[in-house]
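A.B. asks: File name work_1.cif; file contents mmCIF, C-alpha atoms; full text below.
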```cif
data_data
#
loop_
_atom_site.label_atom_id
_atom_site.label_comp_id
_atom_site.auth_asym_id
_atom_site.auth_seq_id
_atom_site.Cartn_x
_atom_site.Cartn_y
_atom_site.Cartn_z
CA MET A 1 71.37 51.67 118.92
CA GLY A 2 67.78 52.71 118.10
CA SER A 3 65.27 50.64 116.25
CA ALA A 4 64.73 50.93 112.51
CA SER A 5 61.35 52.52 113.16
CA ALA A 6 62.99 55.23 115.30
CA VAL A 7 65.30 56.08 112.41
CA THR A 8 62.35 56.10 110.00
CA ASP A 9 60.39 58.34 112.37
CA ARG A 10 63.27 60.84 112.48
CA ILE A 11 63.50 60.97 108.70
CA THR A 12 59.80 61.16 107.96
CA HIS A 13 58.51 63.20 110.90
CA THR A 14 56.59 66.36 110.24
CA PRO A 15 59.02 69.08 111.24
CA PRO A 16 58.06 72.17 113.19
CA THR A 17 56.88 75.20 111.31
CA CYS A 18 58.44 78.62 111.10
CA TYR A 19 56.26 81.61 110.33
CA ASN A 20 53.38 79.22 109.56
CA LYS A 21 55.26 77.61 106.67
CA SER A 22 56.27 73.99 107.02
CA MET A 23 59.75 72.81 106.25
CA THR A 24 60.01 69.85 103.92
CA THR A 25 59.50 66.47 105.56
CA ASP A 26 62.53 65.20 103.65
CA LEU A 27 65.60 66.01 105.72
CA THR A 28 67.83 65.09 102.80
CA GLN A 29 66.08 67.75 100.68
CA ASP A 30 66.55 70.35 103.44
CA GLU A 31 70.28 69.58 103.51
CA THR A 32 70.40 69.77 99.71
CA ASN A 33 68.66 73.17 99.82
CA ILE A 34 71.14 74.49 102.41
CA ARG A 35 74.12 73.24 100.39
CA ALA A 36 72.67 74.87 97.27
CA ALA A 37 72.20 78.18 99.12
CA ARG A 38 75.82 78.01 100.34
CA ALA A 39 77.06 77.29 96.80
CA HIS A 40 75.04 80.26 95.51
CA SER A 41 76.60 82.48 98.18
CA ASN A 42 80.11 81.31 97.24
CA ARG A 43 79.44 81.98 93.53
CA SER A 44 78.06 85.42 94.41
CA ILE A 45 81.23 86.31 96.30
CA ALA A 46 83.39 85.11 93.41
CA ARG A 47 81.32 87.25 91.00
CA ARG A 48 81.23 90.27 93.34
CA ASN A 49 77.44 90.07 93.37
CA LEU A 50 76.29 91.78 96.55
CA LEU A 51 72.61 90.95 95.97
CA GLY A 52 73.54 87.28 95.65
CA VAL A 53 75.46 87.42 98.94
CA ALA A 54 72.51 89.18 100.61
CA ASP A 55 70.07 86.56 99.32
CA SER A 56 71.45 83.89 101.69
CA LEU A 57 71.28 86.04 104.84
CA ALA A 58 68.39 86.27 107.30
CA GLU A 59 67.18 89.76 108.15
CA ASN A 60 68.48 89.34 111.74
CA PHE A 61 71.89 87.97 110.66
CA ILE A 62 74.97 88.44 112.89
CA ALA A 63 78.54 87.18 112.61
CA VAL A 64 81.95 86.92 114.19
CA ILE A 65 84.54 87.04 111.40
CA GLY A 66 87.93 85.32 111.24
CA ASP A 67 89.89 87.89 113.25
CA GLY A 68 87.33 87.83 116.08
CA SER A 69 85.52 91.04 115.10
CA PHE A 70 81.79 91.09 115.81
CA VAL A 71 79.53 92.08 112.91
CA PRO A 72 76.23 93.15 114.50
CA SER A 73 73.91 93.12 111.49
CA ARG A 74 73.19 91.98 107.98
CA ALA A 75 73.75 95.55 106.73
CA ALA A 76 77.18 95.76 108.42
CA TYR A 77 78.20 92.40 106.93
CA LEU A 78 77.12 93.44 103.45
CA LYS A 79 78.99 96.74 103.86
CA LEU A 80 82.20 94.76 104.46
CA PHE A 81 81.62 92.80 101.25
CA GLN A 82 80.81 95.99 99.31
CA GLN A 83 84.06 97.60 100.49
CA ASP A 84 85.94 94.48 99.43
CA PHE A 85 84.20 94.32 96.05
CA ASN A 86 85.06 98.00 95.43
CA SER A 87 88.80 97.21 95.69
CA PRO A 88 89.32 94.31 93.27
CA LYS A 89 93.13 94.50 93.30
CA THR A 90 93.34 94.06 97.07
CA SER A 91 90.12 92.22 97.82
CA LEU A 92 89.87 88.65 99.01
CA ARG A 93 87.58 85.93 97.74
CA TYR A 94 86.07 83.72 100.41
CA GLU A 95 84.88 80.18 99.86
CA ARG A 96 83.08 78.21 102.55
CA ILE A 97 83.14 74.42 102.18
CA PRO A 98 80.50 72.62 104.27
CA ASP A 99 81.77 69.46 105.96
CA THR A 100 78.55 68.61 107.83
CA ILE A 101 75.00 69.88 107.99
CA GLN A 102 72.73 68.79 110.82
CA LEU A 103 69.04 69.60 110.98
CA SER A 104 67.32 70.17 114.30
CA ALA A 105 64.63 67.64 115.17
CA THR A 106 62.82 70.22 117.33
CA HIS A 107 63.26 73.66 115.68
CA PRO A 108 63.33 75.06 112.13
CA ILE A 109 67.12 75.48 112.26
CA ALA A 110 70.22 73.68 111.05
CA ALA A 111 73.93 73.70 111.89
CA GLU A 112 76.57 73.84 109.18
CA GLN A 113 80.20 73.14 110.05
CA GLY A 114 83.03 73.45 107.59
CA HIS A 115 86.24 75.07 106.55
CA TRP A 116 86.93 78.25 104.61
CA ILE A 117 89.62 79.60 102.34
CA ALA A 118 90.42 83.24 101.50
CA THR A 119 92.32 83.86 98.27
CA ASP A 120 93.70 87.08 96.83
CA ALA A 121 93.29 88.56 93.33
CA ASN A 122 96.08 86.26 92.09
CA ASN A 123 94.24 83.20 93.48
CA LYS A 124 96.88 82.74 96.19
CA THR A 125 95.64 81.39 99.52
CA VAL A 126 95.91 84.09 102.18
CA TYR A 127 93.93 82.65 105.12
CA THR A 128 92.23 79.39 106.04
CA GLY A 129 90.09 78.35 108.95
CA THR A 130 86.94 76.71 110.22
CA TYR A 131 83.41 78.02 110.55
CA MET A 132 80.00 77.28 111.97
CA ALA A 133 76.74 78.63 110.59
CA MET A 134 73.21 78.53 111.96
CA TRP A 135 70.57 78.29 109.25
CA GLN A 136 66.95 79.21 109.88
CA HIS A 137 63.98 78.13 107.79
CA THR A 138 61.98 81.22 106.77
CA PRO A 139 59.07 81.88 104.42
CA ASP A 140 61.73 82.50 101.74
CA GLY A 141 63.55 79.22 102.40
CA TRP A 142 66.74 78.51 104.34
CA LYS A 143 68.66 81.64 105.39
CA ILE A 144 71.84 82.07 107.42
CA ARG A 145 70.97 83.38 110.89
CA SER A 146 74.54 83.58 112.21
CA GLU A 147 78.11 82.63 111.39
CA LEU A 148 81.30 82.20 113.38
CA TYR A 149 84.63 82.12 111.53
CA VAL A 150 87.99 81.23 113.06
CA ASN A 151 91.15 82.14 111.18
CA LEU A 152 93.60 79.27 111.80
CA THR A 153 96.39 80.02 109.31
CA ASP A 154 97.98 82.93 107.51
CA HIS A 155 99.87 82.01 104.36
#
```
What would the structure in this file look like if it were written as structure tokens?

C.D. replies:
Amino acid sequence: MGSASAVTDRITHTPPTCYNKSMTTDLTQDETNIRAARAHSNRSIARRNLLGVADSLAENFIAVIGDGSFVPSRAAYLKLFQQDFNSPKTSLRYERIPDTIQLSATHPIAAEQGHWIATDANNKTVYTGTYMAMWQHTPDGWKIRSELYVNLTDH
């Protein structure tokens, strides 16, 4: 087990910079900011707000969605949401629930691990699974750099 000063050093260190903008020195605040960005993204999906969904994504975003399909860009990911939003009777609502968020001690990135739920227009659970997201600190705050979803159950 490390000394108390080692723990204090980890919490109060000056983190690396990204694009010449420092992250906060308060790791708890960084985690709070990431959780708030995730909550905003979830609310945006529920409201069918494509701009709100886009707001959480880095420009170089990529993903692997629940069925294993690769989504090569932010634009392609947003197109999937737009198609879903355009069909409200058959669309699914996705909610991501963070279980843990870990901030890198050496880079302006963070790892989010959690579980997700997809519900239909009648609020019935259709799919559930786990996910992992990489967050990147940018001049505009924390943005999702990549996501990996694994569909574990069909209901």

A.B. asks: Around (82.8, 87.8, 111.4), as given in the file, which residues come within 10 Å? Count all atoms listed in the file and list them as an NGL selection string.

C.D. replies: :A and (62-72 or 77 or 80 or 131 or 146-150)

A.B. asks: Using Å and a single decimal, report how far CA of Ala75 (chain A) sits from CA of Asn33 (chain A).

C.D. replies: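 Going from CA of Asn33 (chain A) over to CA of Ala75 (chain A) covers 24.0 Å.
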
A.B. asks: Skip Thr153 (chain A) itself and residues of its chain fewer than 6 positions away, then list as a compact mmCIF listing (two decimals) with C-alpha atoms, keeping the file's coordinate frame all residues within 8 Å of it, counting all atoms listed in the file.

C.D. replies:
```txt
# COMPACT_ATOMS: atom_id res chain seq x y z
CA TYR A 127 93.93 82.65 105.12
CA THR A 128 92.23 79.39 106.04
CA GLY A 129 90.09 78.35 108.95
```

A.B. asks: So what do you get for CA of Leu57 (chain A) versus CA of Asp84 (chain A), distance-wise?

C.D. replies: 17.8 Å

A.B. asks: Distance CA of Thr125 (chain A)-CA of His40 (chain A), one decimal place?

C.D. replies: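 About the pair CA of Thr125 (chain A) and CA of His40 (chain A): they are 21.0 Å apart.
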
A.B. asks: Smallest atom-to-atom distance to Phe81 (chain A): which of A:Ala118, A:Met132, A:Leu50, A:Ala105, using all atoms listed in the file?

C.D. replies: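 Result for the nearest residue to Phe81 (chain A): A:Leu50.
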
A.B. asks: Which residue out of A:Ser73, A:Asn123, A:Ser104, A:Gln83 has the minimum interatomic distance to Ala46 (chain A) when only C-alpha atoms are used?

C.D. replies: A:Asn123

A.B. asks: What lies within 9 Å of Gln102 (chain A) using all atoms listed in the file, ignoring chain neighbours under 5 positions off, as a list in words?

C.D. replies: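 Everything that qualifies: Glu31, Ile109, Ala110, Ala111, Glu112 and Gln113 of chain A.
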
A.B. asks: For Ala121 (chain A), which of A:Lys79, A:Arg74, A:His155, A:Lys89 is the closest residue, counting all atoms listed in the file?

C.D. replies: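 Closest candidate: A:Lys89.
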
A.B. asks: Tell me which protein, DNA and RNA residues are within 9 Å of Tyr94 (chain A), counting all atoms listed in the file, leaving out same-chain ones fewer than 5 positions away, and put them as number ranges by chain.

C.D. replies: A: 42, 45-46, 116-119

A.B. asks: With the file shown as input, list the residues that the PyMOL selection byres ((chain A and resi 143) around 12) selects, as a ChimeraX atom specification.

C.D. replies: /A:30,33-38,40-41,53-62,74,108-112,133-142,144-147

A.B. asks: Using only C-alpha atoms, can you tell me which of A:Leu103, A:Leu92, A:Leu51, A:Leu78 comes closest to Gln29 (chain A)?

C.D. replies: A:Leu103
